[in-house]
Amino acid sequence: MDHAADAHRTDLMTITRHVLNEQSKYPESRGDFSILLNHIVLGCKFVCSVVNKAGLAKIIGLAGETNVQGEEQKKLDVLSNEVFVKALVSSGRTCILVSEEDEEATFVEPSRRGRYCVVFDPLDGSSNIDCGVSIGTIFGIYMVKDDHEPTLDDVLQPGKNMLAAGYCMYGSSCTFVLSTGTGVNGFTLDPSLGEFILTHPNIKIPKKGKIYSVNEGNAKNWDGPTAKYVEKCKFPQDGSSSKSLRYIGSMVADVHRTLLYGGIFLYPADKKSPNGKLRVLYEVFPMSFLMEQAGGQAFTGKQRALDLVPAKIHERSPVFLGSYDEVEEIKALYAAEEEKA
Ligand code: FDP
């Protein structure tokens with residue numbers, strides 16, 4: 001047995017250790033936030049293990065209406081939702097949950113209530129499940145205003161009021177990216193240890209990028225500024241090289257690449273969907289929070305994304321997020337359009 005190597009391994013910065021280190025900076029902290037994050041991480045590990053078996057389940061006959069035990073099979077997104085709702089409620093630290101899967105917000109019963117509101121998409125990009133493409137969980141955390149009387153207003157707050165946001169990507173490896181408002185850190189699941197290890201400390205998005213990411217199939221319905229920006233990506237007039245197009249169609253995967261390599265991710269409004277497709281609370285806000293924390297920007301076509309005040313829990317918004325300079329370009333194109341009007 002290689003004792004030296006073992007000793008080295010136990011010195012790893014696990015996500016638990018990282019969160020406890022952060023917590024120790026706030027002596028008044030009761031550890032509630034760390035407990036909540038631990039439960040989110042547990043949910044992610046569980047979903048990761050189920051997602052990894054998704055293709056196998058079909059082959060060995062676990063999918064379909066019933067499994068080999070005769071029990072009803074749940075669709076992965078429904079199952080993931082149940083996993084997170086249970087994990088969050090059992091943390092004893094939440095009071096309101098908003099999930100992409102549930103039409104109404106869940107108000108946690110008073111005896112199990114805590115101070116945090118969690119908005120989440122348990123399995124985003126789910127149209128990619130059957131072909132094994134990366135999918136993920138996205139979440140954002142708010143603090144309730146009055147823990148005796150939580151109301152929907154506690155989650156209808158601008159994204160800038162979030163305390164933390166993150167995502168977990170179920171891809172070739174399982175990656176957890178988190179910001180608690182002091183930068184962005186990325187952790188990779190070591191399956192042999194069952195622990196997320198800090199592998200991407202203090203992520204900073206490059207100021208400029210060479211990749212744009214958008215569903216170009218919607219181009220005929222785009223507005224002027226989006227069409228102009230994408231045209232510039234393909235046919236730059238300033239002598240620079242054309243950008244590359246990369247679009248997975250799974251927000252977590254497209255945003256993760258954008259965060260690490262730089263560039264821009266666009267889900268604009270179009271004639272058919274004037275508010276775009278992506279949901280404000282559990283897609284646009286958490287990803288915008290992470291982008292800003294990593295030195296990038298996020299814009300809706302009208303304003304800073306994190307300044308939006310949602311009126312409904314499942315509201316949608318257009319979004320342009322990524323490298324600082326790329327989003328500046330989009331902002332300038334929208335400003336020019338407004339001046340013309
Ligand atoms: P999906 O429909 O597969 O769940 O909002 C959900 C989402 O995926 C995002 O993850 C993804 O970025 C986007 O929709 C893709 O939409 P298009 O298929 O319209 O490009």
# chains A, B, ... in the order shown; residues from 1 in each chain; ligands from 1

$ select_by_dssp --residues "stretch 8-249 of chain A" --states "helix (DSSP H, G or I)" --output "PyMOL selection string"
chain A and resi 8-9+15-23+32-52+54-59+76-90+110-112+126-131+152-154+159-161+216-221+224-234

$ residues_around --residues "stretch 308-319 of chain A" --least-positions-apart "6" --cutoff "7 Å" --atoms "only C-alpha atoms" --output "PyMOL selection string"
chain A and resi 156-159+266-269+275-281+284+298-301

$ select_by_dssp --residues "stretch 134-247 of chain A" --states "strand (DSSP E)" --output "VMD selection string"
chain A and resid 135 to 143 164 to 170 174 to 179 185 to 190 195 to 200 211 to 213 244 to 245

$ write_last_selection --atoms "N, CA and C atoms" --output "mmCIF file, in the first residue's frame"
data_model
loop_
_atom_site.group_PDB
_atom_site.id
_atom_site.type_symbol
_atom_site.label_atom_id
_atom_site.label_comp_id
_atom_site.auth_asym_id
_atom_site.auth_seq_id
_atom_site.Cartn_x
_atom_site.Cartn_y
_atom_site.Cartn_z
ATOM 1 N N ILE A 135 -26.067 16.957 -19.472
ATOM 2 C CA ILE A 135 -27.216 17.685 -18.948
ATOM 3 C C ILE A 135 -26.831 18.162 -17.550
ATOM 4 N N GLY A 136 -27.719 18.852 -16.855
ATOM 5 C CA GLY A 136 -27.279 19.339 -15.550
ATOM 6 C C GLY A 136 -28.403 19.819 -14.658
ATOM 7 N N THR A 137 -28.026 20.154 -13.435
ATOM 8 C CA THR A 137 -28.932 20.759 -12.457
ATOM 9 C C THR A 137 -28.465 22.200 -12.249
ATOM 10 N N ILE A 138 -29.423 23.130 -12.208
ATOM 11 C CA ILE A 138 -29.059 24.538 -11.969
ATOM 12 C C ILE A 138 -29.797 25.001 -10.711
ATOM 13 N N PHE A 139 -29.136 25.795 -9.868
ATOM 14 C CA PHE A 139 -29.837 26.277 -8.668
ATOM 15 C C PHE A 139 -29.388 27.686 -8.271
ATOM 16 N N GLY A 140 -30.294 28.352 -7.568
ATOM 17 C CA GLY A 140 -29.975 29.655 -6.987
ATOM 18 C C GLY A 140 -30.574 29.697 -5.589
ATOM 19 N N ILE A 141 -29.933 30.464 -4.703
ATOM 20 C CA ILE A 141 -30.395 30.495 -3.302
ATOM 21 C C ILE A 141 -30.641 31.941 -2.855
ATOM 22 N N TYR A 142 -31.811 32.170 -2.296
ATOM 23 C CA TYR A 142 -32.141 33.467 -1.683
ATOM 24 C C TYR A 142 -32.350 33.263 -0.187
ATOM 25 N N MET A 143 -32.264 34.368 0.539
ATOM 26 C CA MET A 143 -32.601 34.339 1.971
ATOM 27 C C MET A 143 -34.028 34.867 2.109
ATOM 28 N N ALA A 164 -26.221 32.746 -3.436
ATOM 29 C CA ALA A 164 -25.349 31.754 -4.079
ATOM 30 C C ALA A 164 -26.059 31.186 -5.286
ATOM 31 N N ALA A 165 -25.281 30.655 -6.198
ATOM 32 C CA ALA A 165 -25.843 30.011 -7.383
ATOM 33 C C ALA A 165 -24.834 28.999 -7.881
ATOM 34 N N GLY A 166 -25.322 28.037 -8.636
ATOM 35 C CA GLY A 166 -24.391 27.048 -9.177
ATOM 36 C C GLY A 166 -25.085 26.073 -10.099
ATOM 37 N N TYR A 167 -24.295 25.162 -10.598
ATOM 38 C CA TYR A 167 -24.858 24.084 -11.406
ATOM 39 C C TYR A 167 -24.003 22.840 -11.243
ATOM 40 N N CYS A 168 -24.607 21.717 -11.586
ATOM 41 C CA CYS A 168 -23.846 20.482 -11.626
ATOM 42 C C CYS A 168 -24.032 19.914 -13.014
ATOM 43 N N MET A 169 -22.939 19.626 -13.687
ATOM 44 C CA MET A 169 -23.033 19.094 -15.048
ATOM 45 C C MET A 169 -22.745 17.592 -15.024
ATOM 46 N N TYR A 170 -23.710 16.845 -15.581
ATOM 47 C CA TYR A 170 -23.539 15.402 -15.680
ATOM 48 C C TYR A 170 -23.011 15.119 -17.083
ATOM 49 N N CYS A 174 -18.470 14.534 -13.750
ATOM 50 C CA CYS A 174 -19.540 15.258 -13.059
ATOM 51 C C CYS A 174 -18.900 16.478 -12.399
ATOM 52 N N THR A 175 -19.324 17.655 -12.818
ATOM 53 C CA THR A 175 -18.665 18.894 -12.389
ATOM 54 C C THR A 175 -19.650 19.796 -11.660
ATOM 55 N N PHE A 176 -19.251 20.276 -10.513
ATOM 56 C CA PHE A 176 -20.108 21.154 -9.700
ATOM 57 C C PHE A 176 -19.461 22.534 -9.676
ATOM 58 N N VAL A 177 -20.197 23.539 -10.137
ATOM 59 C CA VAL A 177 -19.645 24.899 -10.183
ATOM 60 C C VAL A 177 -20.481 25.775 -9.258
ATOM 61 N N LEU A 178 -19.790 26.494 -8.384
ATOM 62 C CA LEU A 178 -20.485 27.197 -7.300
ATOM 63 C C LEU A 178 -19.944 28.602 -7.110
ATOM 64 N N SER A 179 -20.859 29.542 -6.853
ATOM 65 C CA SER A 179 -20.431 30.848 -6.377
ATOM 66 C C SER A 179 -21.267 31.213 -5.170
ATOM 67 N N ASN A 185 -15.940 28.724 -8.129
ATOM 68 C CA ASN A 185 -15.053 27.562 -8.001
ATOM 69 C C ASN A 185 -15.697 26.334 -8.627
ATOM 70 N N GLY A 186 -14.862 25.493 -9.236
ATOM 71 C CA GLY A 186 -15.369 24.287 -9.893
ATOM 72 C C GLY A 186 -14.801 23.043 -9.224
ATOM 73 N N PHE A 187 -15.654 22.058 -9.027
ATOM 74 C CA PHE A 187 -15.283 20.815 -8.348
ATOM 75 C C PHE A 187 -15.631 19.641 -9.254
ATOM 76 N N THR A 188 -14.786 18.614 -9.243
ATOM 77 C CA THR A 188 -15.062 17.436 -10.077
ATOM 78 C C THR A 188 -15.268 16.233 -9.167
ATOM 79 N N LEU A 189 -16.285 15.466 -9.469
ATOM 80 C CA LEU A 189 -16.589 14.303 -8.630
ATOM 81 C C LEU A 189 -15.559 13.208 -8.863
ATOM 82 N N ASP A 190 -14.909 12.794 -7.785
ATOM 83 C CA ASP A 190 -14.045 11.617 -7.863
ATOM 84 C C ASP A 190 -14.926 10.424 -7.503
ATOM 85 N N GLU A 195 -16.554 12.072 -3.659
ATOM 86 C CA GLU A 195 -16.370 13.450 -3.185
ATOM 87 C C GLU A 195 -16.116 14.377 -4.361
ATOM 88 N N PHE A 196 -16.661 15.580 -4.274
ATOM 89 C CA PHE A 196 -16.308 16.612 -5.232
ATOM 90 C C PHE A 196 -15.004 17.266 -4.778
ATOM 91 N N ILE A 197 -14.023 17.304 -5.691
ATOM 92 C CA ILE A 197 -12.704 17.840 -5.368
ATOM 93 C C ILE A 197 -12.508 19.158 -6.122
ATOM 94 N N LEU A 198 -11.948 20.145 -5.438
ATOM 95 C CA LEU A 198 -11.710 21.444 -6.080
ATOM 96 C C LEU A 198 -10.682 21.277 -7.204
ATOM 97 N N THR A 199 -11.152 21.410 -8.443
ATOM 98 C CA THR A 199 -10.260 21.225 -9.601
ATOM 99 C C THR A 199 -10.110 22.518 -10.400
ATOM 100 N N HIS A 200 -11.064 23.438 -10.216
ATOM 101 C CA HIS A 200 -11.031 24.704 -10.973
ATOM 102 C C HIS A 200 -11.210 25.867 -9.999
ATOM 103 N N ILE A 211 -15.763 31.917 -29.485
ATOM 104 C CA ILE A 211 -16.879 30.987 -29.726
ATOM 105 C C ILE A 211 -18.208 31.690 -29.465
ATOM 106 N N TYR A 212 -19.168 31.509 -30.362
ATOM 107 C CA TYR A 212 -20.538 31.947 -30.070
ATOM 108 C C TYR A 212 -21.429 30.718 -30.059
ATOM 109 N N SER A 213 -22.479 30.778 -29.239
ATOM 110 C CA SER A 213 -23.294 29.599 -29.000
ATOM 111 C C SER A 213 -24.758 30.001 -29.033
ATOM 112 N N SER A 244 -15.973 30.596 -33.928
ATOM 113 C CA SER A 244 -16.517 29.245 -34.106
ATOM 114 C C SER A 244 -17.884 29.164 -33.468
ATOM 115 N N LEU A 245 -18.745 28.373 -34.073
ATOM 116 C CA LEU A 245 -20.066 28.120 -33.490
ATOM 117 C C LEU A 245 -20.041 26.783 -32.760
#

$ residues_near_ligand --ligand "ligand 1" --cutoff "9 Å" --atoms "only C-alpha atoms and all ligand atoms" --output "number ranges by chain"
A: 121, 123-129, 135-136, 214-218, 247-255, 267, 277-279, 283

$ write_last_selection --atoms "C-alpha atoms" --output "compact mmCIF listing (two decimals), in the first residue's frame"
# COMPACT_ATOMS: atom_id res chain seq x y z
CA ASP A 121 -34.08 23.17 -12.51
CA LEU A 123 -32.53 18.27 -14.86
CA ASP A 124 -31.94 20.94 -17.45
CA GLY A 125 -31.42 20.03 -21.10
CA SER A 126 -33.52 16.93 -20.64
CA SER A 127 -34.24 16.58 -24.37
CA ASN A 128 -30.60 15.41 -24.53
CA ILE A 129 -30.95 12.51 -22.08
CA ILE A 135 -27.22 17.69 -18.95
CA GLY A 136 -27.28 19.34 -15.55
CA VAL A 214 -26.85 29.96 -30.24
CA ASN A 215 -29.64 27.99 -31.90
CA GLU A 216 -29.19 29.36 -35.42
CA GLY A 217 -32.28 27.50 -36.55
CA ASN A 218 -34.25 30.41 -35.09
CA TYR A 247 -24.17 24.70 -29.64
CA ILE A 248 -25.02 21.67 -27.59
CA GLY A 249 -28.59 22.71 -26.78
CA SER A 250 -28.11 21.95 -23.11
CA MET A 251 -27.71 25.18 -21.18
CA VAL A 252 -25.42 23.81 -18.47
CA ALA A 253 -23.02 22.37 -21.02
CA ASP A 254 -23.06 25.45 -23.27
CA VAL A 255 -22.57 27.81 -20.32
CA TYR A 267 -30.84 32.68 -26.19
CA LYS A 277 -37.17 30.45 -23.96
CA LEU A 278 -35.08 30.32 -20.81
CA ARG A 279 -36.58 30.73 -17.36
CA GLU A 283 -31.76 29.36 -15.64

$ residues_around --residues "A:Lys210" --least-positions-apart "5" --cutoff "9 Å" --atoms "only C-alpha atoms" --output "PDB file with all heavy atoms, in the first residue's frame"
ATOM      1  N   CYS A 233     -19.979  37.754 -36.069  1.00  0.00           N
ATOM      2  CA  CYS A 233     -19.200  36.578 -35.632  1.00  0.00           C
ATOM      3  C   CYS A 233     -18.704  35.805 -36.848  1.00  0.00           C
ATOM      4  O   CYS A 233     -17.592  35.280 -36.863  1.00  0.00           O
ATOM      5  CB  CYS A 233     -20.058  35.632 -34.785  1.00  0.00           C
ATOM      6  SG  CYS A 233     -20.508  36.288 -33.194  1.00  0.00           S
ATOM      7  N   SER A 241     -10.440  37.142 -37.077  1.00  0.00           N
ATOM      8  CA  SER A 241     -10.924  35.850 -37.607  1.00  0.00           C
ATOM      9  C   SER A 241     -12.384  35.635 -37.221  1.00  0.00           C
ATOM     10  O   SER A 241     -12.853  36.159 -36.203  1.00  0.00           O
ATOM     11  CB  SER A 241     -10.137  34.685 -37.028  1.00  0.00           C
ATOM     12  OG  SER A 241      -8.835  35.038 -36.777  1.00  0.00           O
ATOM     13  N   SER A 242     -13.051  34.811 -38.008  1.00  0.00           N
ATOM     14  CA  SER A 242     -14.434  34.458 -37.688  1.00  0.00           C
ATOM     15  C   SER A 242     -14.450  33.663 -36.389  1.00  0.00           C
ATOM     16  O   SER A 242     -13.477  32.972 -36.075  1.00  0.00           O
ATOM     17  CB  SER A 242     -15.013  33.556 -38.773  1.00  0.00           C
ATOM     18  OG  SER A 242     -14.816  34.130 -40.025  1.00  0.00           O
ATOM     19  N   LYS A 243     -15.568  33.741 -35.691  1.00  0.00           N
ATOM     20  CA  LYS A 243     -15.688  32.939 -34.468  1.00  0.00           C
ATOM     21  C   LYS A 243     -16.185  31.536 -34.838  1.00  0.00           C
ATOM     22  O   LYS A 243     -16.775  31.347 -35.903  1.00  0.00           O
ATOM     23  CB  LYS A 243     -16.699  33.588 -33.518  1.00  0.00           C
ATOM     24  CG  LYS A 243     -16.261  34.926 -32.952  1.00  0.00           C
ATOM     25  CD  LYS A 243     -17.145  35.302 -31.788  1.00  0.00           C
ATOM     26  CE  LYS A 243     -17.019  36.736 -31.358  1.00  0.00           C
ATOM     27  NZ  LYS A 243     -15.678  37.235 -31.116  1.00  0.00           N
ATOM     28  N   SER A 244     -15.973  30.596 -33.928  1.00  0.00           N
ATOM     29  CA  SER A 244     -16.517  29.245 -34.106  1.00  0.00           C
ATOM     30  C   SER A 244     -17.884  29.164 -33.468  1.00  0.00           C
ATOM     31  O   SER A 244     -18.128  29.778 -32.423  1.00  0.00           O
ATOM     32  CB  SER A 244     -15.616  28.222 -33.425  1.00  0.00           C
ATOM     33  OG  SER A 244     -14.386  28.161 -34.089  1.00  0.00           O
ATOM     34  N   LEU A 245     -18.745  28.373 -34.073  1.00  0.00           N
ATOM     35  CA  LEU A 245     -20.066  28.120 -33.490  1.00  0.00           C
ATOM     36  C   LEU A 245     -20.041  26.783 -32.760  1.00  0.00           C
ATOM     37  O   LEU A 245     -19.577  25.777 -33.307  1.00  0.00           O
ATOM     38  CB  LEU A 245     -21.121  28.060 -34.605  1.00  0.00           C
ATOM     39  CG  LEU A 245     -22.498  27.513 -34.209  1.00  0.00           C
ATOM     40  CD1 LEU A 245     -23.186  28.432 -33.209  1.00  0.00           C
ATOM     41  CD2 LEU A 245     -23.386  27.338 -35.429  1.00  0.00           C
ATOM     42  N   TYR A 261     -13.845  28.600 -21.611  1.00  0.00           N
ATOM     43  CA  TYR A 261     -13.105  28.984 -22.826  1.00  0.00           C
ATOM     44  C   TYR A 261     -13.344  30.433 -23.238  1.00  0.00           C
ATOM     45  O   TYR A 261     -12.639  30.952 -24.102  1.00  0.00           O
ATOM     46  CB  TYR A 261     -13.520  28.094 -24.015  1.00  0.00           C
ATOM     47  CG  TYR A 261     -13.179  26.620 -23.885  1.00  0.00           C
ATOM     48  CD1 TYR A 261     -13.600  25.730 -24.873  1.00  0.00           C
ATOM     49  CD2 TYR A 261     -12.436  26.117 -22.828  1.00  0.00           C
ATOM     50  CE1 TYR A 261     -13.301  24.378 -24.791  1.00  0.00           C
ATOM     51  CE2 TYR A 261     -12.148  24.769 -22.739  1.00  0.00           C
ATOM     52  CZ  TYR A 261     -12.577  23.902 -23.715  1.00  0.00           C
ATOM     53  OH  TYR A 261     -12.293  22.560 -23.635  1.00  0.00           O
ATOM     54  N   GLY A 262     -14.388  31.056 -22.694  1.00  0.00           N
ATOM     55  CA  GLY A 262     -14.740  32.404 -23.133  1.00  0.00           C
ATOM     56  C   GLY A 262     -15.653  32.345 -24.344  1.00  0.00           C
ATOM     57  O   GLY A 262     -15.856  31.287 -24.943  1.00  0.00           O
ATOM     58  N   GLY A 263     -16.234  33.496 -24.670  1.00  0.00           N
ATOM     59  CA  GLY A 263     -17.175  33.559 -25.779  1.00  0.00           C
ATOM     60  C   GLY A 263     -18.517  34.026 -25.281  1.00  0.00           C
ATOM     61  O   GLY A 263     -18.623  34.668 -24.228  1.00  0.00           O
ATOM     62  N   ILE A 264     -19.548  33.673 -26.010  1.00  0.00           N
ATOM     63  CA  ILE A 264     -20.879  34.149 -25.632  1.00  0.00           C
ATOM     64  C   ILE A 264     -21.918  33.066 -25.871  1.00  0.00           C
ATOM     65  O   ILE A 264     -21.823  32.283 -26.826  1.00  0.00           O
ATOM     66  CB  ILE A 264     -21.223  35.454 -26.395  1.00  0.00           C
ATOM     67  CG1 ILE A 264     -22.521  36.080 -25.867  1.00  0.00           C
ATOM     68  CG2 ILE A 264     -21.313  35.226 -27.897  1.00  0.00           C
ATOM     69  CD1 ILE A 264     -22.685  37.544 -26.258  1.00  0.00           C
TER      70      ILE A 264
END

$ closest_residue --among "A:Pro274, A:Ala294, A:Cys117, A:Val51" --to "A:Leu152" --atoms "only C-alpha atoms"
A:Cys117

$ atom_distance --atom1 "atom CA of A:Val78" --atom2 "atom CA of A:Pro122"
8.5 Å

$ residues_around --residues "stretch 42-46 of chain A" --least-positions-apart "3" --cutoff "8 Å" --atoms "only C-alpha atoms" --output "list in words"
Asn38, His39, Ser49, Val50, Val83, Phe84, Ala87, Thr137, Cys168 and Gly194 of chain A

$ residues_around --residues "A:Arg115" --least-positions-apart "6" --cutoff "7 Å" --atoms "only C-alpha atoms" --output "number ranges by chain"
A: 93-95, 143-144, 147

$ write_last_selection --atoms "all heavy atoms" --output "CSV table (one decimal), in the first residue's frame"
chain,number,residue,atom,x,y,z
A,93,ARG,N,-33.5,23.5,6.3
A,93,ARG,CA,-32.9,24.9,6.1
A,93,ARG,C,-33.7,25.6,5.1
A,93,ARG,O,-33.3,26.7,4.7
A,93,ARG,CB,-31.4,24.8,5.8
A,93,ARG,CG,-30.6,24.1,6.8
A,93,ARG,CD,-30.7,24.7,8.2
A,93,ARG,NE,-29.8,24.2,9.2
A,93,ARG,CZ,-30.0,23.1,9.9
A,93,ARG,NH1,-31.1,22.3,9.7
A,93,ARG,NH2,-29.2,22.7,10.8
A,94,THR,N,-34.7,25.1,4.5
A,94,THR,CA,-35.4,25.8,3.4
A,94,THR,C,-36.8,26.1,3.8
A,94,THR,O,-37.4,25.5,4.7
A,94,THR,CB,-35.5,24.9,2.1
A,94,THR,OG1,-36.1,23.7,2.4
A,94,THR,CG2,-34.1,24.6,1.6
A,95,CYS,N,-37.4,27.2,3.1
A,95,CYS,CA,-38.8,27.5,3.4
A,95,CYS,C,-39.6,27.5,2.1
A,95,CYS,O,-40.8,27.2,2.1
A,95,CYS,CB,-38.9,28.8,4.2
A,95,CYS,SG,-38.1,30.1,3.4
A,143,MET,N,-32.3,34.4,0.5
A,143,MET,CA,-32.6,34.3,2.0
A,143,MET,C,-34.0,34.9,2.1
A,143,MET,O,-34.4,35.9,1.5
A,143,MET,CB,-31.6,35.2,2.7
A,143,MET,CG,-31.9,35.5,4.2
A,143,MET,SD,-31.5,34.1,5.2
A,143,MET,CE,-29.8,34.5,5.5
A,144,VAL,N,-34.8,34.2,2.9
A,144,VAL,CA,-36.2,34.7,3.1
A,144,VAL,C,-36.2,36.0,3.9
A,144,VAL,O,-35.2,36.2,4.7
A,144,VAL,CB,-37.0,33.6,3.9
A,144,VAL,CG1,-36.5,33.5,5.4
A,144,VAL,CG2,-38.5,33.9,3.9
A,147,ASP,N,-38.7,34.8,8.2
A,147,ASP,CA,-38.9,33.3,8.2
A,147,ASP,C,-40.2,32.8,8.9
A,147,ASP,O,-40.5,31.7,8.7
A,147,ASP,CB,-37.6,32.6,8.8
A,147,ASP,CG,-37.1,33.2,10.1
A,147,ASP,OD1,-37.7,34.2,10.5
A,147,ASP,OD2,-36.2,32.6,10.6

$ atom_distance --atom1 "atom CA of A:Asp77" --atom2 "atom CA of A:Ile40"
16.0 Å

$ atom_distance --atom1 "atom CA of A:Leu12" --atom2 "atom CA of A:Glu292"
27.5 Å
